[in-house]
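Q: Below is the file coords30.cif, which contains mmCIF, C-alpha atoms.
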```cif
data_my_file
#
loop_
_atom_site.label_atom_id
_atom_site.label_comp_id
_atom_site.auth_asym_id
_atom_site.auth_seq_id
_atom_site.Cartn_x
_atom_site.Cartn_y
_atom_site.Cartn_z
CA MET A 1 -15.31 16.92 -13.97
CA GLY A 2 -15.87 15.81 -17.56
CA SER A 3 -16.12 12.23 -18.76
CA THR A 4 -12.69 12.36 -20.46
CA VAL A 5 -11.03 13.46 -17.24
CA GLY A 6 -12.93 10.78 -15.33
CA VAL A 7 -11.70 8.09 -17.71
CA GLU A 8 -8.12 9.33 -17.36
CA LEU A 9 -8.26 9.37 -13.56
CA ALA A 10 -9.91 5.95 -13.37
CA ALA A 11 -7.35 4.53 -15.81
CA ARG A 12 -4.47 5.94 -13.80
CA ARG A 13 -5.82 4.51 -10.55
CA LEU A 14 -6.59 1.15 -12.19
CA THR A 15 -3.01 0.92 -13.47
CA GLU A 16 -1.71 1.81 -10.00
CA LEU A 17 -3.82 -0.89 -8.34
CA LEU A 18 -2.82 -3.58 -10.84
CA ALA A 19 0.85 -2.76 -10.31
CA GLY A 20 0.48 -3.00 -6.53
CA PRO A 21 0.99 -6.07 -4.35
CA ARG A 22 -2.68 -6.95 -3.83
CA TYR A 23 -3.51 -7.59 -7.51
CA ARG A 24 -0.18 -8.13 -9.25
CA ARG A 25 -0.03 -11.78 -8.15
CA HIS A 26 -2.99 -12.49 -10.46
CA TRP A 27 -1.19 -11.39 -13.61
CA GLU A 28 2.48 -12.03 -12.77
CA ARG A 29 2.14 -15.77 -13.32
CA HIS A 30 1.11 -15.03 -16.93
CA SER A 31 3.95 -12.58 -17.55
CA SER A 32 7.01 -13.27 -19.68
CA VAL A 33 8.53 -9.79 -19.27
CA ARG A 34 10.91 -8.64 -16.56
CA ARG A 35 9.35 -8.85 -13.12
CA GLY A 36 8.19 -5.55 -11.75
CA GLN A 37 6.79 -4.28 -15.06
CA LEU A 38 3.03 -4.28 -15.62
CA SER A 39 2.38 -6.61 -18.57
CA ARG A 40 -0.76 -5.84 -20.55
CA ALA A 41 -0.63 -9.25 -22.18
CA ALA A 42 -0.63 -10.85 -18.72
CA VAL A 43 -3.52 -8.64 -17.60
CA ALA A 44 -5.42 -9.70 -20.73
CA ALA A 45 -4.78 -13.34 -19.80
CA VAL A 46 -6.43 -12.78 -16.40
CA LEU A 47 -9.47 -11.18 -18.05
CA ALA A 48 -9.71 -14.01 -20.59
CA GLY A 49 -9.49 -16.63 -17.85
CA HIS A 50 -12.33 -14.96 -15.96
CA LEU A 51 -14.51 -14.79 -19.08
CA PHE A 52 -13.90 -18.48 -19.71
CA GLU A 53 -14.68 -19.43 -16.09
CA THR A 54 -17.96 -17.52 -16.19
CA GLY A 55 -18.95 -19.10 -19.50
CA GLU A 56 -18.90 -15.85 -21.46
CA VAL A 57 -16.37 -17.22 -23.95
CA GLY A 58 -15.37 -20.68 -25.13
CA TRP A 59 -12.07 -22.51 -25.02
CA GLU A 60 -11.13 -21.23 -28.46
CA HIS A 61 -11.05 -17.61 -27.21
CA ARG A 62 -7.54 -16.17 -27.17
CA PRO A 63 -6.31 -13.68 -24.53
CA ARG A 64 -4.49 -11.80 -27.30
CA SER A 65 -7.86 -10.55 -28.56
CA LEU A 66 -8.24 -8.55 -25.34
CA GLU A 67 -4.86 -6.81 -25.39
CA ASN A 68 -6.06 -3.77 -27.35
CA ARG A 69 -9.01 -3.42 -24.96
CA VAL A 70 -6.62 -3.56 -22.00
CA GLY A 71 -4.29 -1.05 -23.63
CA ARG A 72 -7.08 1.45 -24.32
CA ALA A 73 -8.35 1.09 -20.74
CA LEU A 74 -4.97 1.55 -19.05
CA ASN A 75 -3.96 4.41 -21.38
CA GLY A 76 -7.16 6.27 -20.52
CA ASP A 77 -8.28 6.27 -24.16
CA ARG A 78 -11.47 4.31 -23.55
CA LEU A 79 -12.82 2.72 -20.39
CA SER A 80 -16.48 1.76 -20.35
CA ASP A 81 -18.55 0.64 -17.37
CA ARG A 82 -18.58 -2.88 -18.79
CA THR A 83 -14.80 -3.02 -19.15
CA LEU A 84 -14.25 -1.60 -15.66
CA GLU A 85 -16.60 -4.20 -14.16
CA LEU A 86 -14.66 -6.91 -15.99
CA PHE A 87 -11.41 -5.72 -14.36
CA ILE A 88 -13.10 -5.55 -10.95
CA SER A 89 -14.52 -9.08 -11.21
CA ALA A 90 -11.51 -10.74 -12.84
CA PHE A 91 -9.09 -9.41 -10.22
CA GLY A 92 -11.46 -9.85 -7.26
CA MET A 93 -11.08 -6.21 -6.25
CA THR A 94 -12.15 -5.07 -2.82
CA GLU A 95 -15.40 -3.16 -2.43
CA GLU A 96 -13.46 -0.01 -1.50
CA HIS A 97 -11.25 -0.16 -4.61
CA ALA A 98 -14.22 -1.01 -6.85
CA ASP A 99 -16.26 1.93 -5.53
CA GLU A 100 -13.28 4.26 -5.88
CA LEU A 101 -12.80 3.31 -9.54
CA ARG A 102 -16.51 3.67 -10.33
CA ALA A 103 -16.56 7.08 -8.68
CA LEU A 104 -13.54 8.30 -10.64
CA LEU A 105 -14.92 7.00 -13.94
CA HIS A 106 -18.18 8.89 -13.46
CA GLY A 107 -16.53 12.10 -12.34
CA ARG A 108 -17.35 11.86 -8.65
CA LEU A 109 -14.61 13.13 -6.41
CA VAL A 110 -13.07 10.74 -3.90
CA PRO A 111 -11.63 11.91 -0.56
CA SER A 112 -8.37 13.80 -1.01
CA PRO A 113 -5.25 12.68 0.86
CA LEU A 114 -4.08 14.71 3.81
CA VAL A 115 -0.73 16.29 2.82
CA VAL A 116 1.16 16.32 6.08
CA ALA A 117 3.59 19.20 5.42
CA GLU A 118 0.66 21.47 4.47
CA SER A 119 -1.58 20.31 7.33
CA ILE A 120 0.66 20.51 10.41
CA SER A 121 -1.45 22.15 13.12
CA GLY A 122 1.39 22.70 15.59
CA GLU A 123 3.23 20.62 18.15
CA ARG A 124 1.55 18.76 20.98
CA PRO A 125 2.03 15.70 23.19
CA MET A 126 1.11 12.32 21.82
CA PRO A 127 -2.48 11.59 22.99
CA PRO A 128 -3.05 8.65 25.37
CA ARG A 129 -3.26 5.30 23.61
CA THR A 130 -6.89 4.24 23.18
CA VAL A 131 -6.35 1.29 20.80
CA ARG A 132 -3.80 -1.46 20.38
CA THR A 133 -2.63 -3.15 17.20
CA LEU A 134 -3.32 -6.89 17.01
CA GLN A 135 -2.12 -7.53 13.46
CA VAL A 136 -0.26 -5.38 10.97
CA ALA A 137 0.98 -5.82 7.39
CA GLU A 138 3.13 -3.14 5.77
CA HIS A 139 4.34 -2.86 2.18
CA HIS A 140 7.15 -0.35 1.61
CA GLU A 141 8.22 0.72 -1.90
CA ILE A 142 11.52 2.35 -2.87
CA GLY A 143 11.41 4.37 -6.06
CA ALA A 144 13.84 4.85 -8.93
CA ASP A 145 15.35 7.83 -7.05
CA ARG A 146 16.28 5.53 -4.12
CA SER A 147 13.76 7.27 -1.85
CA PRO A 148 10.62 5.73 -0.35
CA SER A 149 7.75 6.33 -2.77
CA ARG A 150 4.79 4.58 -1.17
CA HIS A 151 3.84 2.72 1.98
CA VAL A 152 0.68 0.66 2.43
CA THR A 153 -0.46 -0.32 5.93
CA ARG A 154 -3.18 -2.79 6.90
CA GLN A 155 -4.00 -3.09 10.60
CA LEU A 156 -6.40 -4.87 12.91
CA LEU A 157 -7.05 -2.62 15.90
CA GLU A 158 -8.72 -3.32 19.24
CA ALA A 159 -10.15 -0.54 21.42
CA LEU A 160 -8.76 -0.26 24.97
CA GLU A 161 -11.46 2.27 25.81
CA ALA A 162 -14.30 4.00 24.00
CA THR A 163 -12.78 5.90 21.08
CA ASP A 164 -13.33 7.19 17.57
CA ARG A 165 -9.67 8.06 16.79
CA TYR A 166 -6.39 6.44 15.83
CA HIS A 167 -3.02 8.20 15.57
CA TYR A 168 -0.60 7.12 12.86
CA VAL A 169 2.99 8.14 13.70
CA PHE A 170 5.97 8.34 11.32
CA ASP A 171 9.22 10.24 10.91
CA THR A 172 8.74 12.72 8.04
CA ALA A 173 6.45 15.56 7.01
CA HIS A 174 7.16 14.83 3.32
CA ALA A 175 4.09 12.63 3.05
CA ALA A 176 0.44 12.43 2.04
CA VAL A 177 -1.87 10.01 3.85
CA SER A 178 -5.06 8.56 2.37
CA LEU A 179 -7.43 5.91 3.72
CA SER A 180 -8.63 3.00 1.59
CA SER A 181 -10.97 1.75 4.32
CA GLY A 182 -11.79 2.23 7.98
CA GLY A 183 -11.51 5.98 8.48
CA THR A 184 -10.55 9.49 7.31
CA PRO A 185 -7.38 11.51 8.02
CA VAL A 186 -8.45 14.76 9.69
CA ASP A 187 -5.38 16.41 11.24
CA ALA A 188 -1.58 16.31 11.40
CA PHE A 189 0.79 17.54 14.11
CA ARG A 190 4.35 17.22 15.33
CA VAL A 191 4.79 15.05 18.39
CA GLU A 192 6.17 17.26 21.14
CA GLY A 193 9.84 16.70 21.93
CA THR A 194 10.42 14.32 19.01
CA PRO A 195 11.17 14.50 15.26
CA LEU A 196 7.96 12.53 14.61
CA CYS A 197 4.73 13.53 12.91
CA ALA A 198 1.30 12.10 13.67
CA VAL A 199 -1.83 11.95 11.56
CA GLU A 200 -5.12 11.77 13.42
CA ILE A 201 -7.55 9.36 11.78
CA LEU A 202 -11.28 9.55 12.48
CA LEU A 203 -12.58 5.98 12.47
CA SER A 204 -15.56 5.12 10.27
CA GLU A 205 -17.38 3.75 13.33
CA PRO A 206 -16.71 4.56 17.02
CA LEU A 207 -15.41 1.64 19.08
CA LEU A 208 -16.32 0.42 22.55
CA PRO A 209 -13.70 -1.35 24.72
CA GLY A 210 -12.80 -4.72 23.19
CA GLN A 211 -14.28 -3.97 19.77
CA THR A 212 -12.04 -4.29 16.71
CA THR A 213 -11.77 -2.62 13.33
CA HIS A 214 -9.63 -2.87 10.20
CA LEU A 215 -7.75 0.08 8.74
CA GLU A 216 -6.04 0.25 5.36
CA PHE A 217 -4.15 3.40 4.48
CA ARG A 218 -1.49 4.58 2.08
CA THR A 219 1.35 7.00 2.59
CA ASP A 220 2.86 8.61 -0.52
CA PHE A 221 6.25 10.21 0.08
CA SER A 222 7.97 13.18 -1.56
CA TYR A 223 11.41 13.30 0.03
CA PRO A 224 13.64 16.14 -1.27
CA GLU A 225 16.59 13.74 -1.03
CA PRO A 226 16.96 10.05 -0.10
CA PRO A 227 16.72 9.33 3.66
CA ARG A 228 18.65 6.62 5.50
CA PRO A 229 18.49 3.33 3.55
CA GLU A 230 16.27 1.44 5.99
CA PHE A 231 12.68 0.48 6.76
CA ARG A 232 11.87 -0.47 10.33
CA ARG A 233 8.84 -0.99 12.52
CA GLY A 234 8.52 -0.65 16.28
CA VAL A 235 6.29 -3.37 17.72
CA SER A 236 4.39 -3.39 21.02
CA PRO A 237 3.67 -6.57 23.05
CA GLY A 238 0.04 -6.77 21.89
CA VAL A 239 0.94 -7.43 18.25
CA ARG A 240 0.15 -11.06 17.43
CA HIS A 241 1.24 -11.06 13.79
CA LEU A 242 3.53 -8.81 11.78
CA ALA A 243 4.24 -8.92 8.04
CA LEU A 244 6.72 -6.58 6.37
CA THR A 245 7.53 -6.32 2.67
CA VAL A 246 10.00 -3.99 1.00
CA ARG A 247 10.11 -3.64 -2.79
CA PHE A 248 12.68 -1.82 -4.90
CA HIS A 249 12.12 -0.18 -8.26
CA PRO A 250 13.59 -2.39 -11.02
CA THR A 251 15.90 0.42 -12.18
CA ALA A 252 17.38 0.91 -8.67
CA PRO A 253 18.26 -2.45 -7.11
CA PRO A 254 20.38 -2.27 -3.93
CA ARG A 255 23.77 -3.93 -3.70
CA GLN A 256 22.77 -5.76 -0.50
CA VAL A 257 19.67 -6.05 1.70
CA LEU A 258 19.76 -7.14 5.35
CA ARG A 259 16.96 -8.18 7.68
CA ALA A 260 17.67 -6.28 10.89
CA ARG A 261 16.70 -5.78 14.52
CA TRP A 262 17.39 -2.58 16.48
CA GLY A 263 17.65 -2.15 20.24
CA ASP A 264 15.00 0.61 20.25
CA VAL A 265 13.48 3.24 17.98
CA THR A 266 16.28 5.74 18.74
CA ALA A 267 19.14 3.37 17.79
CA THR A 268 21.02 4.39 14.64
CA GLU A 269 22.63 1.01 13.94
CA PRO A 270 21.00 -2.44 14.17
CA ASP A 271 22.04 -4.93 16.83
CA GLU A 272 21.52 -7.78 14.36
CA ALA A 273 21.60 -7.82 10.54
CA VAL A 274 21.34 -10.86 8.27
CA PRO A 275 21.68 -10.68 4.46
CA VAL A 276 18.60 -11.72 2.47
CA GLU A 277 17.95 -12.32 -1.22
CA LEU A 278 15.52 -10.29 -3.31
CA VAL A 279 12.96 -12.15 -5.40
CA GLY A 280 11.29 -10.05 -8.06
CA GLY A 281 12.82 -6.96 -6.51
CA GLN A 282 11.33 -7.55 -3.07
CA THR A 283 11.73 -9.41 0.20
CA ALA A 284 9.27 -10.13 3.01
CA LEU A 285 9.02 -11.48 6.53
CA GLU A 286 6.20 -12.69 8.78
CA VAL A 287 6.71 -13.07 12.52
CA VAL A 288 4.91 -13.41 15.83
CA PRO A 289 6.91 -10.73 17.70
CA GLY A 290 6.28 -11.76 21.30
CA GLY A 291 7.18 -8.45 22.95
CA HIS A 292 8.69 -5.03 22.35
CA CYS A 293 11.02 -5.02 19.35
CA VAL A 294 12.11 -2.94 16.36
CA ILE A 295 12.58 -4.98 13.20
CA GLY A 296 12.81 -4.34 9.49
CA TYR A 297 15.38 -3.96 6.74
CA THR A 298 18.46 -1.96 5.91
CA TRP A 299 20.26 -1.93 2.57
CA ARG A 300 23.39 -0.74 0.80
CA TRP A 301 23.55 0.92 -2.58
#
```
Turn this file's structure into C-alpha cells for me.
A:
Amino acid sequence: MGSTVGVELAARRLTELLAGPRYRRHWERHSSVRRGQLSRAAVAAVLAGHLFETGEVGWEHRPRSLENRVGRALNGDRLSDRTLELFISAFGMTEEHADELRALLHGRLVPSPLVVAESISGERPMPPRTVRTLQVAEHHEIGADRSPSRHVTRQLLEALEATDRYHYVFDTAHAAVSLSSGGTPVDAFRVEGTPLCAVEILLSEPLLPGQTTHLEFRTDFSYPEPPRPEFRRGVSPGVRHLALTVRFHPTAPPRQVLRARWGDVTATEPDEAVPVELVGGQTALEVVPGGHCVIGYTWRW
C-alpha cells in the first residue's frame, strides 16, 4: 500500500471518527452550521484550543489559521504524522482509534470486517450462554435512504464460566461486523429455527468465571430496501445499565419518533409507545432495566 493510499484511508477514517458520537461533542459546541454536518471550522477550533492549552501557541493565535490544514487532512490531500498526532491529542482519541489511524497512515493493514452474508457457515443451535452483559450502550444510525447504516455497541461482559467467545446476535445478514476493541469476529451462522444471525467473537483474552471484559464493535449495514422503522433491544435481568441512542441523517428526518416497549422479541407491535423529540437529529435514553424487557424506538416517515 503506497503512502498516498495510506493518507486517503487514514483521512477517510479520521473523518468518520470525528463525525461519530464519541468525538463530535468536542467540535459541535464550536459549530455554527446545521447540526449533523461536520464543520471544519469547528474542528480547527478544537485543535487551536488544544495548542493554546499546551502552550504551543499564544492567545493571539486564531483557529481560522488551521482551517486549511484541517481541510487538507480530511480531504486526504496531506496528512503528516505531526498533524495526525495533533488530532489524536486534541480529541482525546482512544488508544485503539489512535493505533488504527497510525496504521492506516503508514500503509499497515488493519483487521478486515467480517461480512456476514459472505461468511455464513450454515445453521446451528445457539451455543450455551457463557457470559452475561452487565452494561451496554448502543448507537444506531439511520441513513439518507431511511435504512440503518451503522450500529456501534459498547458492552461490559462478565464470564459465567471459563470462555474465550462471545456471540453477537442480530436479525439480518446484510451486515459487516468489525471490532474496535476486545476481540475479533471469526465466524457467522444462522441461528437454528430463527431468522437471526450470530457472529462469533474471539475475545482478546480468555475469561475465568467472574472476570469481566469490555467489547466495542461496529455493524455496518447494506439493506437492499428499508426494514421496519424501529430499533429495539432485548434485555436480560443481569443488565445493570442500558443506554440507547438513535440518530437520523439530516436529509431524512422522520415525521414522528416514539420510545417504545414490546412484550417480547417476537412481538410486531409495541405494548407502549410515547412520542419523543429529536435534538440534533437524535434521541437517547438511559435506564436500569430491572428484568427481562424489550425497549427501543419506532418511528413514522
Q: Please expand the PyMOL selection byres ((chain A and resi 148-152) around 7) into the concrete residues it hits in this file, giving the result as a list in words.
A: Glu138, His139, His140, Glu141, Ile142, Gly143, Arg146, Ser147, Thr153, Arg154, Phe217, Arg218, Thr219, Asp220, Phe221 and Ser222 of chain A
Q: How would the residues just chosen look if you wrote them out with C-alpha atoms as a PDB file, keeping the file's coordinate frame?
A:
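New file again-v1.pdb:
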```pdb
ATOM      1  CA  GLU A 138       3.130  -3.140   5.770  1.00  0.00           C
ATOM      2  CA  HIS A 139       4.340  -2.860   2.180  1.00  0.00           C
ATOM      3  CA  HIS A 140       7.150  -0.350   1.610  1.00  0.00           C
ATOM      4  CA  GLU A 141       8.220   0.720  -1.900  1.00  0.00           C
ATOM      5  CA  ILE A 142      11.520   2.350  -2.870  1.00  0.00           C
ATOM      6  CA  GLY A 143      11.410   4.370  -6.060  1.00  0.00           C
ATOM      7  CA  ARG A 146      16.280   5.530  -4.120  1.00  0.00           C
ATOM      8  CA  SER A 147      13.760   7.270  -1.850  1.00  0.00           C
ATOM      9  CA  THR A 153      -0.460  -0.320   5.930  1.00  0.00           C
ATOM     10  CA  ARG A 154      -3.180  -2.790   6.900  1.00  0.00           C
ATOM     11  CA  PHE A 217      -4.150   3.400   4.480  1.00  0.00           C
ATOM     12  CA  ARG A 218      -1.490   4.580   2.080  1.00  0.00           C
ATOM     13  CA  THR A 219       1.350   7.000   2.590  1.00  0.00           C
ATOM     14  CA  ASP A 220       2.860   8.610  -0.520  1.00  0.00           C
ATOM     15  CA  PHE A 221       6.250  10.210   0.080  1.00  0.00           C
ATOM     16  CA  SER A 222       7.970  13.180  -1.560  1.00  0.00           C
TER      17      SER A 222
END
```
Q: Just want the 7 Å neighbourhood of stretch 78-87 of chain A, counted on all atoms listed in the file, with same-chain residues fewer than 5 positions away dropped. Output as a list in words.
A: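 Residues near the query, excluding close chain neighbours: Val7, Leu47, Arg72 and Ala73 of chain A.
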Q: Give me the result of the PyMOL selection byres ((chain A and resi 92) around 12) on this file, residue by residue, as a CSV table (one decimal) with C-alpha atoms, keeping the file's coordinate frame.
A:
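Resulting contents of expr-v8.csv:
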```
chain,number,residue,atom,x,y,z
A,17,LEU,CA,-3.8,-0.9,-8.3
A,18,LEU,CA,-2.8,-3.6,-10.8
A,22,ARG,CA,-2.7,-7.0,-3.8
A,23,TYR,CA,-3.5,-7.6,-7.5
A,24,ARG,CA,-0.2,-8.1,-9.2
A,25,ARG,CA,0.0,-11.8,-8.2
A,26,HIS,CA,-3.0,-12.5,-10.5
A,46,VAL,CA,-6.4,-12.8,-16.4
A,47,LEU,CA,-9.5,-11.2,-18.0
A,50,HIS,CA,-12.3,-15.0,-16.0
A,85,GLU,CA,-16.6,-4.2,-14.2
A,86,LEU,CA,-14.7,-6.9,-16.0
A,87,PHE,CA,-11.4,-5.7,-14.4
A,88,ILE,CA,-13.1,-5.6,-11.0
A,89,SER,CA,-14.5,-9.1,-11.2
A,90,ALA,CA,-11.5,-10.7,-12.8
A,91,PHE,CA,-9.1,-9.4,-10.2
A,93,MET,CA,-11.1,-6.2,-6.2
A,94,THR,CA,-12.2,-5.1,-2.8
A,95,GLU,CA,-15.4,-3.2,-2.4
A,96,GLU,CA,-13.5,0.0,-1.5
A,97,HIS,CA,-11.2,-0.2,-4.6
A,98,ALA,CA,-14.2,-1.0,-6.8
```
Q: Choose the residue, out of A:Arg259, A:Phe189, A:Arg233, A:Gly290, that has the smallest atom-to-atom separation from A:Pro275; count all atoms listed in the file.
A: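 Smallest distance to A:Pro275 is found for A:Arg259.
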Q: Atom CA of A:Thr15 and atom CA of A:Asp77, how far apart in Å?
A: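 Separation between atom CA of A:Asp77 and atom CA of A:Thr15: 13.1 Å.
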Q: Would you kindly translate the PyMOL selection byres ((chain A and resi 285) around 8) into the concrete residues it picks from this file, as a list in words?
A: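 This file gives the following for the PyMOL selection byres ((chain A and resi 285) around 8): Ala243, Leu244, Thr245, Thr283, Ala284, Glu286 and Val287 of chain A.
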Q: Could you tell me which of A:Leu104, A:Val136, A:Val274, A:Ala176 comes closest to A:Val288 if we count all atoms listed in the file?
A: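 When distances to A:Val288 are compared using all atoms listed in the file, the smallest one comes from A:Val136.
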Q: Could you please give me, as a list in words, the residues of protein, DNA or RNA lying at most 12 Å from (17.8, 1.4, 14.8) in the coordinate frame of the file, considering only C-alpha atoms?
A: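 All residues meeting the 12 Å criterion around (17.8, 1.4, 14.8) are Arg228, Pro229, Glu230, Phe231, Arg232, Arg233, Gly234, Arg259, Ala260, Arg261, Trp262, Gly263, Asp264, Val265, Thr266, Ala267, Thr268, Glu269, Pro270, Asp271, Glu272, Ala273, Cys293, Val294, Ile295, Gly296, Tyr297 and Thr298 of chain A.
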Q: With C-alpha atoms retained, write the just-selected residues as a CSV table (one decimal), in the frame of the given file.
A:
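So again.csv came out as:
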```csv
chain,number,residue,atom,x,y,z
A,228,ARG,CA,18.6,6.6,5.5
A,229,PRO,CA,18.5,3.3,3.6
A,230,GLU,CA,16.3,1.4,6.0
A,231,PHE,CA,12.7,0.5,6.8
A,232,ARG,CA,11.9,-0.5,10.3
A,233,ARG,CA,8.8,-1.0,12.5
A,234,GLY,CA,8.5,-0.6,16.3
A,259,ARG,CA,17.0,-8.2,7.7
A,260,ALA,CA,17.7,-6.3,10.9
A,261,ARG,CA,16.7,-5.8,14.5
A,262,TRP,CA,17.4,-2.6,16.5
A,263,GLY,CA,17.6,-2.2,20.2
A,264,ASP,CA,15.0,0.6,20.2
A,265,VAL,CA,13.5,3.2,18.0
A,266,THR,CA,16.3,5.7,18.7
A,267,ALA,CA,19.1,3.4,17.8
A,268,THR,CA,21.0,4.4,14.6
A,269,GLU,CA,22.6,1.0,13.9
A,270,PRO,CA,21.0,-2.4,14.2
A,271,ASP,CA,22.0,-4.9,16.8
A,272,GLU,CA,21.5,-7.8,14.4
A,273,ALA,CA,21.6,-7.8,10.5
A,293,CYS,CA,11.0,-5.0,19.4
A,294,VAL,CA,12.1,-2.9,16.4
A,295,ILE,CA,12.6,-5.0,13.2
A,296,GLY,CA,12.8,-4.3,9.5
A,297,TYR,CA,15.4,-4.0,6.7
A,298,THR,CA,18.5,-2.0,5.9
```
Q: Residues near A:Ala10, anyone? I mean within 8 Å using only C-alpha atoms, not counting same-chain ones fewer than 5 positions away, as a ChimeraX atom specification.
A: /A:76,101-102,104-105
